[in-house]
Every structure is written in structure tokens, then in C-alpha cells.
Amino acid sequence: MSKTRPTPFRAAFLALLGACLFAASAAAQTTEWRGEAIVGVDYQGSTDIDDPQGEFDFVHPFVSVRAGRRLGEDSRWSVAIGAEYRAFAYRFDGIGGLNVWDDIHIVRLAPRLSFAINRKWSLFAGPIGEFSGERGSDFSDAIRGGALFGAQWRPNDRFSIGLGVLGINALADDFLLQPILLIDWKITDRLTFSTQSWTSRGGTLSFTYAFDDGWETRLSGGRERERFRLDSPLAAIGKGIGEESSLPVTLSVGKILDSGIKVEAYGGGVFAGELRVEDQTGDNVAVSDFGQSWFLGGAITLPF
């Protein structure tokens, strides 16, 4: 089986990367918007599939942008935007020459509007849009939308907690309702605990420890689940659904440079993994657990 990654996959990623960097550069010319753009790539090594017997690996480049601003100097309203692009170039082996799926492309967009009730309490809400599909899948079959809303409490500068709910129509599945838990807790001057769960991908929690000279390390874990529309040539699957879910645990080491740019290297393990293939009506065609695996990667964070 060929080890070459498809040219369209690389071209799409590089085009989006260029667009995000251009947007970050333009935003840096203003003083109102504050945010960051994260560009990274990781690789999950060969992973055994239980049934049928075989293995897979993948390369996963991604771009994420988060930014926000207040709508006027004295306004109680503020707006924020979270957007990300993820791509997964899968390679299956040892299952009769069959590629269950190959390149998966995922785009997410979630703008949010917040209103400060007082110094401690605020409300937030906004729409969610996602595209999640295999290369070649129909755009109209791979998009979904929904909304999120909730409230946030910030009693002081060291702690805040947000609670809410995310609702989004699923691909050939029941409507997804997911709780939102957003915590930012500066336990000490060096140790911070945080969570995030604003997309259908799942949620993570992290402990970050800051050392001297801009160095920091982070331990994080959570549940990840990706569902995507397939473009399968097999009659039993057709325009069905693929799904991968797992529990990754990540250890990272990063350095914040004098310019504010952060470079980071990370790695970890993947546990409780499952691959699932469904037909167009949402009925299972194949479900298989996969073995514990490992991954390595790196990322650059550009503030603006």
C-alpha cells in the first residue's frame, strides 16, 4: 500500500494555513481584537484493530483561531469567535486491501455573543456550524448546525466557571446535547487548571505549570469523538457515516518566546478507542475496538 499522502490534502491544509496567518497578521494591526492562532500537526502511530485484524495510522494537521473583543469601551456586550480546521489522513493496512476511509476534513465555526450582567456574572450564546466529511463526500450531506448558550461566574481574577449546553444535529444520529463546562482556575501563581468543551468533538481538562523564562508543561486528557460523512464505493455503506472515539492523554512542553509566540512539543497515549461504520440510515455496518496507541506532535501559537 502506498505511503504517499494525497496532494489535494496537503494543498487544502496549506491554503487554509496561509489564510489563517494572513487573518492573524491583519488583526494584529488593530488594538481591539485579542486572540491567538494555533498551527500544529501530530501523528498517531500504527494501531491494531481488533475486528477485522489489521492496523491503521494517520497524520493530523490542524489550525485553530480564537479571538474576542468588547463592543464599545463602556459596553456590556462582547463578541468572540472560535474556528478550527482539522484534517486526518488515514492509512489502513492488513484488512484485505480495503481503505475504510482515507482523508477526513473537518471545519468548525462557533461565534459567541456575551452580556455582562454585573462584575461577576455574564451570559453567552451563539450558533454553531460544522462540516465533517471524507474527501469526495457531498457538502450538503456533511454539514450540520446548532447553538450553544450558558452563563459564566467570575468571583475574582483567579477563578471563573461557565456552565451551559451545546445542541447540534448529528450525522444520521440522534440530536446531540452536550454539557458545556468552562473552568479557568489559577490555583497558584504557577499552576492553572482549565477545561474546554465548546465543540461536538468533546471536552478536555488540563493542568498547566509555568516555569521560569517562559517554559511551561501541560498534562491534559478528555474524550474525543469525530463523526464524518463517508464517500464509500461499497454498496453496503454508500454515503454512510464513519466515527472514531477515544480517550487521549497528552503531556506537552512549551516555550513562550520574547515575541509572545509559543512553540510546543507534545506526545501521549490513546486509550479506549473505537472505530464505527454506519450506513446511510445510521445502522451499524461494522464496529471495532482498537488497541492502545501513541502519538507525537508539535504546534506554534501566534498571539494577535
# chains A, B, ... in the order shown; residues from 1 in each chain; ligands from 1
call {"tool": "residues_around", "arguments": {"residues": "Val41 (chain A)", "least_positions_apart": "4", "cutoff": "6 Å", "atoms": "only C-alpha atoms", "output": "list of chain:residue names"}}
result
A:His60, A:Pro61, A:Gly297, A:Gly298
call {"tool": "residues_around", "arguments": {"residues": "Glu55 (chain A)", "least_positions_apart": "3", "cutoff": "6 Å", "atoms": "only C-alpha atoms", "output": "NGL selection string"}}
result
:A and (47-49 or 92-93)
call {"tool": "write_last_selection", "arguments": {"atoms": "all heavy atoms", "output": "PDB file, in the first residue's frame"}}
result
ATOM      1  N   THR A  47      -1.708   1.337  14.900  1.00  0.00           N
ATOM      2  CA  THR A  47      -2.649   0.954  15.939  1.00  0.00           C
ATOM      3  C   THR A  47      -3.399  -0.295  15.509  1.00  0.00           C
ATOM      4  O   THR A  47      -3.981  -0.335  14.427  1.00  0.00           O
ATOM      5  CB  THR A  47      -3.652   2.097  16.197  1.00  0.00           C
ATOM      6  OG1 THR A  47      -2.929   3.305  16.468  1.00  0.00           O
ATOM      7  CG2 THR A  47      -4.555   1.763  17.360  1.00  0.00           C
ATOM      8  N   ASP A  48      -3.394  -1.321  16.335  1.00  0.00           N
ATOM      9  CA  ASP A  48      -4.050  -2.586  15.994  1.00  0.00           C
ATOM     10  C   ASP A  48      -5.565  -2.468  16.088  1.00  0.00           C
ATOM     11  O   ASP A  48      -6.107  -1.880  17.031  1.00  0.00           O
ATOM     12  CB  ASP A  48      -3.579  -3.696  16.932  1.00  0.00           C
ATOM     13  CG  ASP A  48      -2.119  -4.042  16.738  1.00  0.00           C
ATOM     14  OD1 ASP A  48      -1.613  -3.837  15.624  1.00  0.00           O
ATOM     15  OD2 ASP A  48      -1.481  -4.507  17.705  1.00  0.00           O
ATOM     16  N   ILE A  49      -6.242  -3.044  15.076  1.00  0.00           N
ATOM     17  CA  ILE A  49      -7.699  -3.118  15.062  1.00  0.00           C
ATOM     18  C   ILE A  49      -8.099  -4.526  15.476  1.00  0.00           C
ATOM     19  O   ILE A  49      -7.560  -5.510  14.978  1.00  0.00           O
ATOM     20  CB  ILE A  49      -8.252  -2.808  13.662  1.00  0.00           C
ATOM     21  CG1 ILE A  49      -7.729  -1.458  13.153  1.00  0.00           C
ATOM     22  CG2 ILE A  49      -9.780  -2.811  13.670  1.00  0.00           C
ATOM     23  CD1 ILE A  49      -8.088  -1.165  11.717  1.00  0.00           C
ATOM     24  N   PHE A  92      -5.004   2.542   6.269  1.00  0.00           N
ATOM     25  CA  PHE A  92      -5.354   1.234   6.820  1.00  0.00           C
ATOM     26  C   PHE A  92      -4.512   0.156   6.141  1.00  0.00           C
ATOM     27  O   PHE A  92      -4.167   0.266   4.966  1.00  0.00           O
ATOM     28  CB  PHE A  92      -6.841   0.940   6.601  1.00  0.00           C
ATOM     29  CG  PHE A  92      -7.752   1.787   7.447  1.00  0.00           C
ATOM     30  CD1 PHE A  92      -8.160   3.039   7.021  1.00  0.00           C
ATOM     31  CD2 PHE A  92      -8.203   1.331   8.678  1.00  0.00           C
ATOM     32  CE1 PHE A  92      -8.996   3.820   7.799  1.00  0.00           C
ATOM     33  CE2 PHE A  92      -9.038   2.103   9.466  1.00  0.00           C
ATOM     34  CZ  PHE A  92      -9.434   3.350   9.023  1.00  0.00           C
ATOM     35  N   ASP A  93      -4.220  -0.897   6.878  1.00  0.00           N
ATOM     36  CA  ASP A  93      -3.399  -1.977   6.339  1.00  0.00           C
ATOM     37  C   ASP A  93      -3.832  -3.299   6.983  1.00  0.00           C
ATOM     38  O   ASP A  93      -4.295  -3.329   8.124  1.00  0.00           O
ATOM     39  CB  ASP A  93      -1.917  -1.716   6.634  1.00  0.00           C
ATOM     40  CG  ASP A  93      -0.998  -2.554   5.743  1.00  0.00           C
ATOM     41  OD1 ASP A  93      -1.509  -3.244   4.858  1.00  0.00           O
ATOM     42  OD2 ASP A  93       0.222  -2.505   5.960  1.00  0.00           O
TER      43      ASP A  93
END
call {"tool": "residues_around", "arguments": {"residues": "Ile168 (chain A)", "least_positions_apart": "3", "cutoff": "6 Å", "atoms": "only C-alpha atoms", "output": "VMD selection string"}}
result
chain A and resid 145 to 146 176
call {"tool": "write_last_selection", "arguments": {"atoms": "N, CA and C atoms", "output": "CSV table (one decimal), in the first residue's frame"}}
result
chain,number,residue,atom,x,y,z
A,145,GLY,N,-25.6,21.9,12.0
A,145,GLY,CA,-25.7,23.2,12.7
A,145,GLY,C,-26.4,23.1,14.0
A,146,GLY,N,-26.2,24.1,14.9
A,146,GLY,CA,-26.9,24.1,16.2
A,146,GLY,C,-26.6,25.4,16.9
A,176,LEU,N,-27.6,15.8,19.2
A,176,LEU,CA,-26.6,15.8,20.2
A,176,LEU,C,-26.8,16.9,21.2
call {"tool": "closest_residue", "arguments": {"among": "A:Ile81, A:Ile161, A:Ala172, A:Ile180", "to": "Phe149 (chain A)", "atoms": "only C-alpha atoms"}}
result
A:Ile180
call {"tool": "closest_residue", "arguments": {"among": "A:Ala142, A:Val270, A:Leu171, A:Ala151", "to": "Phe115 (chain A)", "atoms": "only C-alpha atoms"}}
result
A:Ala151
call {"tool": "atom_distance", "arguments": {"atom1": "CA of Ile183 (chain A)", "atom2": "CA of Thr217 (chain A)"}}
result
18.5 Å
call {"tool": "residues_around", "arguments": {"residues": "Arg112 (chain A)", "least_positions_apart": "5", "cutoff": "8 Å", "atoms": "only C-alpha atoms", "output": "list in words"}}
result
Val79, Ala80, Ile81, Phe124, Ala125, Gly126 and Pro127 of chain A
call {"tool": "atom_distance", "arguments": {"atom1": "CA of Gly94 (chain A)", "atom2": "CA of Gly273 (chain A)"}}
result
18.3 Å
